[in-house]
$ cat coords_33.txt   # compact mmCIF, C-alpha atoms
# COMPACT_ATOMS: atom_id res chain seq x y z
CA MET A 1 3.47 0.92 -3.70
CA PRO A 2 4.52 -2.67 -2.89
CA SER A 3 5.16 -3.01 0.83
CA THR A 4 5.26 -5.77 3.43
CA VAL A 5 5.12 -5.68 7.23
CA VAL A 6 6.66 -8.50 9.23
CA VAL A 7 5.28 -8.74 12.76
CA GLY A 8 5.70 -11.22 15.61
CA THR A 9 2.41 -12.76 16.70
CA GLN A 10 3.32 -14.20 20.11
CA TRP A 11 5.65 -12.92 22.85
CA GLY A 12 8.67 -12.46 20.61
CA ASP A 13 11.52 -14.76 19.62
CA GLU A 14 9.41 -16.26 16.83
CA GLY A 15 12.31 -16.25 14.38
CA LYS A 16 11.38 -13.04 12.56
CA GLY A 17 14.96 -12.49 11.43
CA LYS A 18 15.02 -15.59 9.25
CA PHE A 19 11.91 -14.73 7.25
CA THR A 20 12.62 -11.01 7.24
CA ASP A 21 15.92 -11.94 5.64
CA LEU A 22 14.10 -14.17 3.14
CA PHE A 23 11.61 -11.46 2.15
CA ALA A 24 14.43 -8.93 1.94
CA GLN A 25 15.83 -10.64 -1.18
CA ASP A 26 13.01 -9.01 -3.17
CA MET A 27 13.11 -5.63 -1.41
CA GLN A 28 14.95 -2.39 -2.04
CA VAL A 29 14.36 -0.89 1.43
CA VAL A 30 14.06 -2.57 4.85
CA VAL A 31 12.84 -0.40 7.74
CA ARG A 32 12.98 -1.09 11.48
CA TYR A 33 10.00 0.77 12.97
CA GLN A 34 10.11 0.44 16.78
CA GLY A 35 11.92 -0.97 19.81
CA GLY A 36 15.55 -0.75 20.74
CA HIS A 37 18.48 -3.07 21.34
CA ASN A 38 16.47 -5.12 23.82
CA ALA A 39 15.32 -7.32 20.95
CA GLY A 40 17.77 -9.31 18.87
CA HIS A 41 17.32 -11.40 15.76
CA THR A 42 19.69 -14.08 14.58
CA LEU A 43 20.50 -14.91 10.97
CA VAL A 44 22.33 -18.03 9.80
CA VAL A 45 23.97 -17.54 6.40
CA ASP A 46 26.22 -20.23 4.94
CA GLY A 47 26.66 -21.66 8.42
CA GLU A 48 27.74 -18.31 9.89
CA THR A 49 25.55 -16.78 12.60
CA THR A 50 24.99 -13.04 12.77
CA ALA A 51 23.08 -11.55 15.71
CA LEU A 52 21.63 -8.10 15.11
CA GLN A 53 20.03 -5.78 17.66
CA LEU A 54 19.32 -2.46 15.95
CA ILE A 55 20.26 -2.62 12.28
CA PRO A 56 17.62 -4.18 10.00
CA SER A 57 18.51 -7.60 8.63
CA GLY A 58 18.41 -6.26 5.08
CA VAL A 59 21.87 -4.81 5.69
CA LEU A 60 23.31 -8.14 4.54
CA TYR A 61 22.20 -7.40 0.95
CA ASP A 62 24.08 -4.90 -1.20
CA HIS A 63 20.92 -3.88 -3.09
CA ILE A 64 18.99 -2.90 0.06
CA THR A 65 18.93 0.37 1.96
CA PRO A 66 18.43 -0.44 5.66
CA VAL A 67 16.57 2.23 7.64
CA ILE A 68 16.19 2.81 11.38
CA GLY A 69 12.89 4.65 11.68
CA ASN A 70 11.71 7.40 14.00
CA GLY A 71 9.89 4.93 16.27
CA VAL A 72 13.14 3.27 17.37
CA VAL A 73 15.09 4.30 20.48
CA VAL A 74 18.82 4.17 19.80
CA ASP A 75 21.83 3.49 21.99
CA LEU A 76 24.59 4.97 19.85
CA GLU A 77 27.34 2.94 21.52
CA VAL A 78 25.48 -0.28 20.63
CA LEU A 79 24.76 0.94 17.10
CA ILE A 80 28.40 1.79 16.43
CA LYS A 81 29.59 -1.55 17.83
CA GLU A 82 27.09 -3.33 15.59
CA ILE A 83 28.32 -1.41 12.56
CA ASP A 84 31.93 -2.31 13.44
CA MET A 85 30.95 -6.00 13.86
CA LEU A 86 29.25 -6.10 10.47
CA GLU A 87 32.05 -4.27 8.69
CA ALA A 88 34.57 -6.70 10.21
CA LYS A 89 32.57 -9.41 8.44
CA GLY A 90 32.79 -7.52 5.17
CA VAL A 91 29.27 -6.01 5.32
CA ASN A 92 29.16 -2.40 4.11
CA CYS A 93 27.02 -0.18 6.37
CA ASP A 94 27.54 3.12 4.55
CA HIS A 95 24.04 2.94 3.05
CA LEU A 96 22.35 2.66 6.47
CA LYS A 97 19.94 5.51 7.22
CA LEU A 98 19.09 6.67 10.75
CA SER A 99 16.02 8.81 11.39
CA GLY A 100 16.82 12.21 12.85
CA ASN A 101 13.58 11.87 14.82
CA ALA A 102 14.59 8.65 16.57
CA HIS A 103 15.15 9.15 20.29
CA LEU A 104 18.43 8.46 22.06
CA ILE A 105 18.96 6.06 24.92
CA LEU A 106 21.41 7.78 27.28
CA PRO A 107 23.35 6.27 30.20
CA TYR A 108 20.95 7.68 32.77
CA HIS A 109 18.11 5.76 31.09
CA GLN A 110 19.94 2.52 31.73
CA GLU A 111 20.65 3.49 35.35
CA LEU A 112 16.98 4.27 35.89
CA ASP A 113 15.92 1.01 34.24
CA VAL A 114 18.07 -0.96 36.70
CA VAL A 115 16.87 0.83 39.82
CA PHE A 116 13.20 0.89 38.80
CA GLU A 117 13.22 -2.86 38.19
CA ARG A 118 15.01 -3.51 41.47
CA HIS A 119 12.52 -1.28 43.30
CA LEU A 120 9.59 -3.37 42.00
CA GLY A 121 10.95 -6.45 43.77
CA ALA A 122 8.56 -9.38 43.43
CA ASN A 123 6.48 -7.35 40.97
CA LYS A 124 9.37 -6.85 38.53
CA LEU A 125 8.50 -6.75 34.84
CA GLY A 126 11.45 -8.74 33.54
CA THR A 127 12.94 -5.80 31.64
CA THR A 128 16.30 -6.28 29.91
CA LYS A 129 17.58 -3.17 31.75
CA ARG A 130 18.78 -1.61 28.49
CA GLY A 131 17.12 1.76 29.13
CA ILE A 132 14.33 1.22 26.62
CA GLY A 133 11.39 2.02 28.91
CA PRO A 134 12.88 5.18 30.46
CA ALA A 135 13.84 6.47 26.99
CA TYR A 136 10.28 6.01 25.73
CA ALA A 137 8.97 7.56 28.95
CA ASP A 138 11.07 10.68 28.32
CA LYS A 139 9.76 10.76 24.75
CA ALA A 140 6.16 10.73 26.02
CA PHE A 141 7.01 13.26 28.74
CA ARG A 142 8.53 15.46 26.00
CA VAL A 143 11.95 15.71 27.57
CA GLY A 144 13.63 13.18 25.30
CA ILE A 145 16.68 13.88 23.17
CA ARG A 146 16.51 12.99 19.50
CA VAL A 147 19.23 12.01 17.07
CA GLN A 148 18.86 15.30 15.19
CA ASP A 149 19.67 17.25 18.37
CA LEU A 150 23.27 16.10 18.02
CA LEU A 151 23.55 18.18 14.86
CA ASP A 152 23.13 21.35 16.94
CA PRO A 153 25.62 21.09 19.85
CA LYS A 154 24.09 24.05 21.66
CA ILE A 155 20.61 22.50 21.61
CA PHE A 156 22.00 19.10 22.59
CA ARG A 157 23.78 20.53 25.63
CA GLU A 158 20.71 22.50 26.67
CA LYS A 159 18.46 19.45 26.48
CA LEU A 160 21.03 17.30 28.25
CA ASN A 161 21.29 19.80 31.10
CA VAL A 162 17.51 19.91 31.46
CA ALA A 163 17.34 16.12 31.61
CA LEU A 164 20.15 15.81 34.15
CA HIS A 165 18.67 18.57 36.31
CA GLU A 166 15.76 16.20 36.85
CA LYS A 167 17.43 12.79 36.62
CA GLY A 168 20.57 13.61 38.61
CA PRO A 169 18.92 14.28 42.00
CA LEU A 170 16.57 11.33 41.47
CA LEU A 171 19.47 8.95 40.92
CA ALA A 172 21.64 10.41 43.67
CA LYS A 173 19.18 11.13 46.47
CA VAL A 174 16.53 8.48 45.95
CA TYR A 175 18.50 5.57 44.54
CA ASN A 176 22.01 6.40 45.76
CA ARG A 177 23.49 6.15 42.26
CA LEU A 178 26.21 8.32 40.75
CA THR A 179 24.96 11.36 38.83
CA PRO A 180 26.21 11.46 35.23
CA ASN A 181 28.43 14.43 34.39
CA ALA A 182 26.82 16.59 31.72
CA GLU A 183 30.04 17.75 30.09
CA ASP A 184 31.50 14.24 29.98
CA LEU A 185 28.34 12.97 28.33
CA ALA A 186 28.27 15.86 25.86
CA SER A 187 31.88 15.24 24.94
CA THR A 188 31.29 11.52 24.36
CA TYR A 189 28.25 12.07 22.17
CA LEU A 190 29.44 15.12 20.22
CA ASP A 191 33.12 14.29 19.83
CA THR A 192 33.09 10.48 19.66
CA TYR A 193 29.69 9.27 18.48
CA LEU A 194 28.53 12.10 16.19
CA PRO A 195 31.40 11.85 13.68
CA ARG A 196 30.55 8.16 13.22
CA ILE A 197 26.81 8.50 12.75
CA ALA A 198 26.40 11.98 11.21
CA PRO A 199 26.63 10.64 7.60
CA LEU A 200 23.77 8.24 8.38
CA ILE A 201 21.25 10.76 9.78
CA ALA A 202 18.39 11.41 7.36
CA ASP A 203 14.77 12.39 6.89
CA THR A 204 13.74 8.75 6.71
CA THR A 205 10.01 9.49 6.36
CA ASP A 206 10.65 11.39 3.14
CA PHE A 207 13.05 8.69 1.95
CA ILE A 208 10.50 5.90 2.51
CA HIS A 209 7.72 7.80 0.74
CA GLU A 210 9.96 8.50 -2.24
CA ALA A 211 10.83 4.80 -2.40
CA LEU A 212 7.15 3.83 -2.33
CA GLU A 213 6.26 6.41 -4.96
CA ALA A 214 9.02 4.96 -7.15
CA ASP A 215 7.40 1.49 -6.76
CA GLN A 216 10.36 0.17 -4.83
CA HIS A 217 9.60 -2.77 -2.55
CA VAL A 218 9.71 -1.73 1.11
CA LEU A 219 9.78 -4.12 4.06
CA PHE A 220 8.76 -2.91 7.52
CA GLU A 221 10.36 -4.90 10.32
CA GLY A 222 9.16 -4.83 13.91
CA ALA A 223 10.91 -5.94 17.07
CA GLN A 224 9.33 -7.92 19.93
CA ALA A 225 5.77 -9.04 19.14
CA THR A 226 2.02 -8.53 19.35
CA PHE A 227 1.53 -9.55 22.97
CA LEU A 228 4.38 -7.33 24.11
CA ASP A 229 2.64 -4.32 22.57
CA LEU A 230 2.22 -1.46 25.04
CA ASP A 231 -1.50 -1.11 24.26
CA HIS A 232 -2.54 -4.59 23.18
CA GLY A 233 -0.16 -6.88 25.02
CA THR A 234 -0.33 -8.53 28.44
CA TYR A 235 0.15 -5.24 30.29
CA PRO A 236 2.20 -4.43 32.35
CA PHE A 237 4.44 -7.27 31.19
CA VAL A 238 5.02 -5.61 27.84
CA THR A 239 7.54 -3.49 25.99
CA SER A 240 7.31 0.32 25.78
CA SER A 241 6.32 0.68 22.13
CA ASN A 242 3.90 -0.75 19.55
CA PRO A 243 5.26 -3.82 17.73
CA THR A 244 1.86 -4.46 16.11
CA ALA A 245 1.41 -3.61 12.43
CA GLY A 246 -0.04 -0.22 13.30
CA GLY A 247 3.32 0.66 14.81
CA ALA A 248 4.79 0.50 11.30
CA CYS A 249 2.78 3.63 10.49
CA THR A 250 3.64 5.70 13.55
CA GLY A 251 7.21 4.42 13.64
CA THR A 252 8.02 5.43 10.06
CA GLY A 253 5.52 8.08 8.97
CA VAL A 254 3.66 6.04 6.36
CA GLY A 255 -0.12 5.73 6.26
CA PRO A 256 -2.20 2.53 6.57
CA ARG A 257 -3.01 2.50 2.86
CA ASP A 258 0.71 2.16 2.14
CA LEU A 259 0.77 -1.32 3.70
CA ASN A 260 -0.08 -4.13 1.26
CA ARG A 261 0.92 -7.40 2.92
CA ILE A 262 1.14 -8.10 6.65
CA VAL A 263 2.93 -11.33 7.50
CA GLY A 264 2.65 -12.69 11.01
CA ILE A 265 5.57 -14.78 12.25
CA ALA A 266 4.53 -17.58 14.60
CA LYS A 267 6.58 -20.30 16.22
CA ALA A 268 5.18 -23.86 16.00
CA TYR A 269 5.03 -23.76 19.78
CA THR A 270 5.01 -20.78 22.17
CA THR A 271 7.77 -19.11 24.20
CA ARG A 272 8.03 -16.17 26.53
CA VAL A 273 10.85 -14.38 28.35
CA GLY A 274 10.33 -12.59 31.65
CA SER A 275 7.25 -12.27 33.81
CA GLY A 276 3.58 -12.38 32.88
CA PRO A 277 0.73 -14.83 32.23
CA PHE A 278 1.25 -17.82 29.92
CA PRO A 279 -1.77 -20.20 29.87
CA ALA A 280 -0.14 -22.93 27.73
CA GLU A 281 3.18 -22.91 29.61
CA LEU A 282 4.79 -26.29 30.30
CA PHE A 283 6.99 -27.39 33.20
CA ASP A 284 7.80 -30.94 32.11
CA GLU A 285 10.16 -32.81 29.83
CA VAL A 286 8.46 -31.33 26.76
CA ALA A 287 9.35 -27.85 28.02
CA ASP A 288 12.97 -28.97 28.37
CA HIS A 289 12.81 -30.47 24.87
CA PHE A 290 11.68 -27.17 23.38
CA VAL A 291 14.47 -25.33 25.22
CA ASP A 292 17.21 -27.81 24.37
CA VAL A 293 16.30 -28.59 20.75
CA GLY A 294 14.99 -25.13 19.93
CA HIS A 295 17.92 -23.38 21.68
CA GLU A 296 15.44 -21.23 23.55
CA TYR A 297 17.73 -18.71 25.17
CA GLY A 298 17.54 -14.95 24.64
CA THR A 299 19.71 -13.59 21.83
CA ASN A 300 20.75 -10.59 23.93
CA THR A 301 20.25 -11.72 27.51
CA GLY A 302 20.99 -15.45 27.40
CA ARG A 303 17.95 -16.02 29.63
CA ARG A 304 16.14 -19.36 29.33
CA ARG A 305 12.78 -18.86 27.68
CA ARG A 306 9.56 -20.20 29.12
CA THR A 307 7.97 -22.67 26.70
CA GLY A 308 4.57 -24.15 25.97
CA TRP A 309 2.26 -25.54 23.31
CA PHE A 310 0.95 -23.47 20.41
CA ASP A 311 -1.84 -21.14 21.57
CA SER A 312 -4.36 -20.61 18.76
CA VAL A 313 -6.52 -18.33 20.92
CA MET A 314 -3.68 -15.82 21.03
CA LEU A 315 -3.05 -16.20 17.32
CA ARG A 316 -6.67 -15.54 16.38
CA HIS A 317 -6.48 -12.31 18.37
CA ALA A 318 -3.13 -11.40 16.83
CA ALA A 319 -4.59 -11.93 13.37
CA ARG A 320 -7.33 -9.39 14.13
CA LEU A 321 -5.03 -6.84 15.74
CA ASN A 322 -2.60 -6.87 12.83
CA SER A 323 -4.93 -7.57 9.87
CA LEU A 324 -2.67 -10.49 8.96
CA THR A 325 -2.71 -11.57 5.34
CA ASP A 326 -0.72 -14.74 6.01
CA ILE A 327 1.53 -16.47 8.53
CA ALA A 328 5.08 -17.77 8.34
CA LEU A 329 5.49 -20.68 10.76
CA THR A 330 8.93 -21.25 12.27
CA LYS A 331 10.71 -24.11 14.05
CA LEU A 332 8.37 -26.91 13.04
CA ASP A 333 11.42 -29.19 13.06
CA VAL A 334 11.85 -28.71 16.83
CA MET A 335 8.77 -30.91 17.28
CA ASP A 336 10.11 -33.79 15.14
CA ALA A 337 10.77 -36.22 17.99
CA LEU A 338 7.51 -35.74 19.91
CA GLU A 339 5.01 -38.61 20.07
CA THR A 340 2.11 -36.24 20.65
CA VAL A 341 1.66 -32.58 19.76
CA LYS A 342 -0.96 -30.29 21.24
CA ILE A 343 -2.75 -27.08 20.27
CA CYS A 344 -4.38 -24.82 22.82
CA VAL A 345 -7.77 -24.18 21.22
CA ALA A 346 -9.63 -22.49 24.10
CA TYR A 347 -9.32 -21.54 27.77
CA ASP A 348 -11.11 -22.73 30.85
CA ILE A 349 -11.84 -19.66 32.99
CA ASP A 350 -13.80 -20.39 36.16
CA GLY A 351 -15.35 -23.44 34.53
CA GLN A 352 -16.38 -21.60 31.36
CA ARG A 353 -14.96 -22.41 27.92
CA VAL A 354 -13.58 -19.22 26.40
CA GLU A 355 -12.44 -19.11 22.77
CA LYS A 356 -11.49 -15.43 22.62
CA MET A 357 -8.62 -13.65 24.30
CA PRO A 358 -10.06 -12.29 27.58
CA TYR A 359 -9.72 -8.53 27.80
CA HIS A 360 -9.45 -8.59 31.60
CA GLN A 361 -5.98 -9.47 32.84
CA THR A 362 -7.31 -11.22 35.94
CA ASP A 363 -9.16 -13.68 33.72
CA PHE A 364 -6.12 -14.23 31.53
CA HIS A 365 -3.92 -14.91 34.57
CA LYS A 366 -6.18 -17.74 35.70
CA ALA A 367 -6.95 -19.15 32.25
CA LYS A 368 -6.26 -22.87 31.88
CA PRO A 369 -5.56 -24.32 28.44
CA ILE A 370 -7.96 -26.63 26.62
CA TYR A 371 -6.01 -28.75 24.14
CA GLU A 372 -6.55 -30.68 20.96
CA GLU A 373 -4.05 -33.55 20.75
CA LEU A 374 -2.60 -34.79 17.50
CA PRO A 375 -0.09 -37.57 16.78
CA GLY A 376 3.49 -36.47 16.26
CA TRP A 377 5.30 -37.31 13.03
CA GLN A 378 8.58 -38.48 14.62
CA GLU A 379 10.58 -37.92 11.44
CA ASP A 380 13.44 -35.56 10.64
CA ILE A 381 12.09 -32.78 8.41
CA THR A 382 15.18 -30.55 8.34
CA GLY A 383 16.04 -31.65 4.80
CA VAL A 384 12.55 -31.21 3.36
CA THR A 385 12.28 -28.65 0.56
CA LYS A 386 8.71 -29.21 -0.66
CA ALA A 387 5.51 -29.11 1.36
CA SER A 388 4.31 -32.33 -0.21
CA ASP A 389 7.37 -34.11 1.22
CA LEU A 390 6.48 -33.23 4.81
CA PRO A 391 5.20 -36.23 6.78
CA LYS A 392 1.42 -36.46 6.61
CA LYS A 393 1.10 -35.96 10.37
CA ALA A 394 3.17 -32.78 10.12
CA GLN A 395 0.90 -31.59 7.32
CA ASP A 396 -2.13 -32.40 9.45
CA TYR A 397 -0.69 -30.29 12.28
CA VAL A 398 -0.14 -27.31 9.98
CA ARG A 399 -3.65 -27.59 8.54
CA ALA A 400 -5.10 -27.74 12.05
CA LEU A 401 -3.25 -24.54 12.94
CA GLU A 402 -4.64 -22.81 9.85
CA GLU A 403 -8.16 -23.89 10.74
CA TYR A 404 -7.95 -22.66 14.31
CA ILE A 405 -6.22 -19.38 13.44
CA GLY A 406 -8.35 -18.55 10.41
CA VAL A 407 -5.37 -17.22 8.42
CA PRO A 408 -3.43 -19.13 5.75
CA ILE A 409 0.12 -20.29 6.47
CA SER A 410 2.39 -19.42 3.56
CA LEU A 411 5.86 -20.53 4.70
CA ILE A 412 7.19 -23.14 7.12
CA GLY A 413 10.63 -23.10 8.71
CA VAL A 414 12.20 -26.55 8.98
CA GLY A 415 15.63 -25.57 10.35
CA PRO A 416 17.73 -22.57 11.37
CA GLY A 417 19.46 -22.06 8.03
CA ARG A 418 18.48 -19.35 5.57
CA LYS A 419 17.29 -21.92 3.01
CA GLN A 420 15.62 -24.32 5.43
CA TYR A 421 11.99 -23.55 4.68
CA VAL A 422 9.18 -24.76 2.46
CA ASP A 423 6.44 -22.92 0.59
CA TRP A 424 3.20 -24.19 2.05
CA GLN A 425 0.73 -22.55 -0.33

$ encode --input "coords_33.txt" --output "structure tokens"
Amino acid sequence: MPSTVVVGTQWGDEGKGKFTDLFAQDMQVVVRYQGGHNAGHTLVVDGETTALQLIPSGVLYDHITPVIGNGVVVDLEVLIKEIDMLEAKGVNCDHLKLSGNAHLILPYHQELDVVFERHLGANKLGTTKRGIGPAYADKAFRVGIRVQDLLDPKIFREKLNVALHEKGPLLAKVYNRLTPNAEDLASTYLDTYLPRIAPLIADTTDFIHEALEADQHVLFEGAQATFLDLDHGTYPFVTSSNPTAGGACTGTGVGPRDLNRIVGIAKAYTTRVGSGPFPAELFDEVADHFVDVGHEYGTNTGRRRRTGWFDSVMLRHAARLNSLTDIALTKLDVMDALETVKICVAYDIDGQRVEKMPYHQTDFHKAKPIYEELPGWQEDITGVTKASDLPKKAQDYVRALEEYIGVPISLIGVGPGRKQYVDWQ
């Protein structure tokens, strides 16, 4: 049962798409296990950029079956537009499978996301306002609508009416927003969306197990990252699902023993979008360098990302949470021009040196970084194809990261292109 999980180890935007795409070459099935269209990943193939939001990156290979698992929340309008975009590029999406147990994001979820965030004011979470949180909330509250409900129009209409009976007055009377019309929504979903996605709906849990039992290689792909995990992230500045490796089990229906390799994706520095604590955050010319050279703007939102030095305290914790077998390091080339590079190796909290991630959010909010400084390599590494050809100072930096994290680094990204990486081990 050969299987691999790819998980982000920071606050997202680590470049998972590039290495997921690389691993996918040897896979037969690629499964997205959680999140929604609030997380994008960008692939650069032969100089052409493709930004995906919902469909697993394995869709670009003819030999792969891409699967959207039950743990994903799906905006059907976005999914159909993404399919149309890919097919316009000559990518066949007929083999895509969509879990019947995945929950739908409906227009009222997006309305609620906007008004909830606005209502929080200065305490806003930095949500993308795509309806992700409200859709997961309905799932937990057991009033959500699943993809399979579309296959029974009577059930779909009944569930939609129940949802709007609650959501309509809330939107209209509390937030002064227009109440969605139930029949208009039903018509859009049953008459417009269902004919497009009906051939894709499947029992994906059974499909994945059959693939594993047939010794097919299966790749499990998460969105967002470890420290945006609902349970283990920097709550409440998190997403509404579980991007950690354990989410691959609940989001697809496989058991822990079905997971063989768990690869953590880590950027050579750290970024974050939205609100929340960030001990190693920078506000100087190095921060601007990371943004400008690393093109640190959200794939979906266009928002400038907050940037900082590599935080090995976070990575040690991420390694434990995910049982990482190895790490793929991205964007090392972004640091090429820097005279000095730094690694956050511990925190100063009220005058005490702390080398573990503090469990109490108040402590994490006031944590100050303690750095190890190393000399920069100041050489262009974008054309390097062998680890031995990396500048010695770049090699020293990678070895220092391995030592502080306690997990081997297996791959290093040296540019945005599909083939711009080196095998480190």

$ residues_around --input "coords_33.txt" --residues "stretch 20-28 of chain A" --least-positions-apart "5" --cutoff "6 Å" --atoms "all atoms listed in the file" --output "count of residues only"
6

$ closest_residue --input "coords_33.txt" --among "A:His365, A:Lys139, A:Arg304, A:His317" --to "A:Ile349" --atoms "only C-alpha atoms"
A:His365

$ atom_distance --input "coords_33.txt" --atom1 "atom CA of A:Ala280" --atom2 "atom CA of A:Gly36"
28.1 Å

$ closest_residue --input "coords_33.txt" --among "A:Val74, A:Val91, A:Leu86, A:Met314" --to "A:Gly406" --atoms "all atoms listed in the file"
A:Met314

$ closest_residue --input "coords_33.txt" --among "A:His95, A:Arg130, A:Lys393, A:His165" --to "A:Leu332" --atoms "only C-alpha atoms"
A:Lys393

$ atom_distance --input "coords_33.txt" --atom1 "atom CA of A:Tyr189" --atom2 "atom CA of A:Gly35"
21.0 Å

$ closest_residue --input "coords_33.txt" --among "A:Gln148, A:Ser323, A:Asn101, A:Gln53" --to "A:Ala223" --atoms "only C-alpha atoms"
A:Gln53

$ residues_around --input "coords_33.txt" --residues "A:Tyr235" --least-positions-apart "5" --cutoff "12 Å" --atoms "only C-alpha atoms" --output "list in words"
Leu125, Thr226, Phe227, Leu228, Asp229, Leu230, Ser240, Ser241, Ser275, Gly276, Pro277, Tyr359, His360, Gln361, Thr362, Phe364 and His365 of chain A

$ residues_around --input "coords_33.txt" --residues "A:Gly69" --least-positions-apart "3" --cutoff "7 Å" --atoms "all atoms listed in the file" --output "ChimeraX atom specification"
/A:31-33,72,98-99,102,204,251-252

$ atom_distance --input "coords_33.txt" --atom1 "atom CA of A:Tyr269" --atom2 "atom CA of A:Phe290"
8.3 Å

$ closest_residue --input "coords_33.txt" --among "A:Asp13, A:Glu213, A:Glu48, A:Asp62" --to "A:Val30" --atoms "all atoms listed in the file"
A:Asp62

$ build_atoms --input "coords_33.txt" --residues "stretch 85-98 of chain A" --atoms "N, CA and C atoms" --output "PDB file, in the frame of the given file"
ATOM      1  N   MET A  85      31.024  -4.543  13.961  1.00  0.00           N
ATOM      2  CA  MET A  85      30.950  -6.000  13.860  1.00  0.00           C
ATOM      3  C   MET A  85      30.623  -6.421  12.430  1.00  0.00           C
ATOM      4  N   LEU A  86      29.653  -5.746  11.829  1.00  0.00           N
ATOM      5  CA  LEU A  86      29.250  -6.100  10.470  1.00  0.00           C
ATOM      6  C   LEU A  86      30.355  -5.791   9.470  1.00  0.00           C
ATOM      7  N   GLU A  87      30.993  -4.633   9.632  1.00  0.00           N
ATOM      8  CA  GLU A  87      32.050  -4.270   8.690  1.00  0.00           C
ATOM      9  C   GLU A  87      33.258  -5.188   8.818  1.00  0.00           C
ATOM     10  N   ALA A  88      33.493  -5.716  10.028  1.00  0.00           N
ATOM     11  CA  ALA A  88      34.570  -6.700  10.210  1.00  0.00           C
ATOM     12  C   ALA A  88      34.273  -7.986   9.458  1.00  0.00           C
ATOM     13  N   LYS A  89      32.977  -8.236   9.209  1.00  0.00           N
ATOM     14  CA  LYS A  89      32.570  -9.410   8.440  1.00  0.00           C
ATOM     15  C   LYS A  89      32.473  -9.106   6.945  1.00  0.00           C
ATOM     16  N   GLY A  90      32.826  -7.894   6.573  1.00  0.00           N
ATOM     17  CA  GLY A  90      32.790  -7.520   5.170  1.00  0.00           C
ATOM     18  C   GLY A  90      31.460  -6.948   4.709  1.00  0.00           C
ATOM     19  N   VAL A  91      30.572  -6.591   5.663  1.00  0.00           N
ATOM     20  CA  VAL A  91      29.270  -6.010   5.320  1.00  0.00           C
ATOM     21  C   VAL A  91      29.386  -4.496   5.330  1.00  0.00           C
ATOM     22  N   ASN A  92      29.074  -3.857   4.217  1.00  0.00           N
ATOM     23  CA  ASN A  92      29.160  -2.400   4.110  1.00  0.00           C
ATOM     24  C   ASN A  92      27.918  -1.761   4.742  1.00  0.00           C
ATOM     25  N   CYS A  93      28.131  -0.845   5.688  1.00  0.00           N
ATOM     26  CA  CYS A  93      27.020  -0.180   6.370  1.00  0.00           C
ATOM     27  C   CYS A  93      26.868   1.284   5.971  1.00  0.00           C
ATOM     28  N   ASP A  94      27.587   1.713   4.942  1.00  0.00           N
ATOM     29  CA  ASP A  94      27.540   3.120   4.550  1.00  0.00           C
ATOM     30  C   ASP A  94      26.156   3.548   4.076  1.00  0.00           C
ATOM     31  N   HIS A  95      25.355   2.596   3.598  1.00  0.00           N
ATOM     32  CA  HIS A  95      24.040   2.940   3.050  1.00  0.00           C
ATOM     33  C   HIS A  95      22.948   2.934   4.131  1.00  0.00           C
ATOM     34  N   LEU A  96      23.314   2.625   5.369  1.00  0.00           N
ATOM     35  CA  LEU A  96      22.350   2.660   6.470  1.00  0.00           C
ATOM     36  C   LEU A  96      21.846   4.083   6.685  1.00  0.00           C
ATOM     37  N   LYS A  97      20.528   4.212   6.924  1.00  0.00           N
ATOM     38  CA  LYS A  97      19.940   5.510   7.220  1.00  0.00           C
ATOM     39  C   LYS A  97      19.317   5.487   8.609  1.00  0.00           C
ATOM     40  N   LEU A  98      19.566   6.549   9.376  1.00  0.00           N
ATOM     41  CA  LEU A  98      19.090   6.670  10.750  1.00  0.00           C
ATOM     42  C   LEU A  98      18.189   7.891  10.858  1.00  0.00           C
TER      43      LEU A  98
END
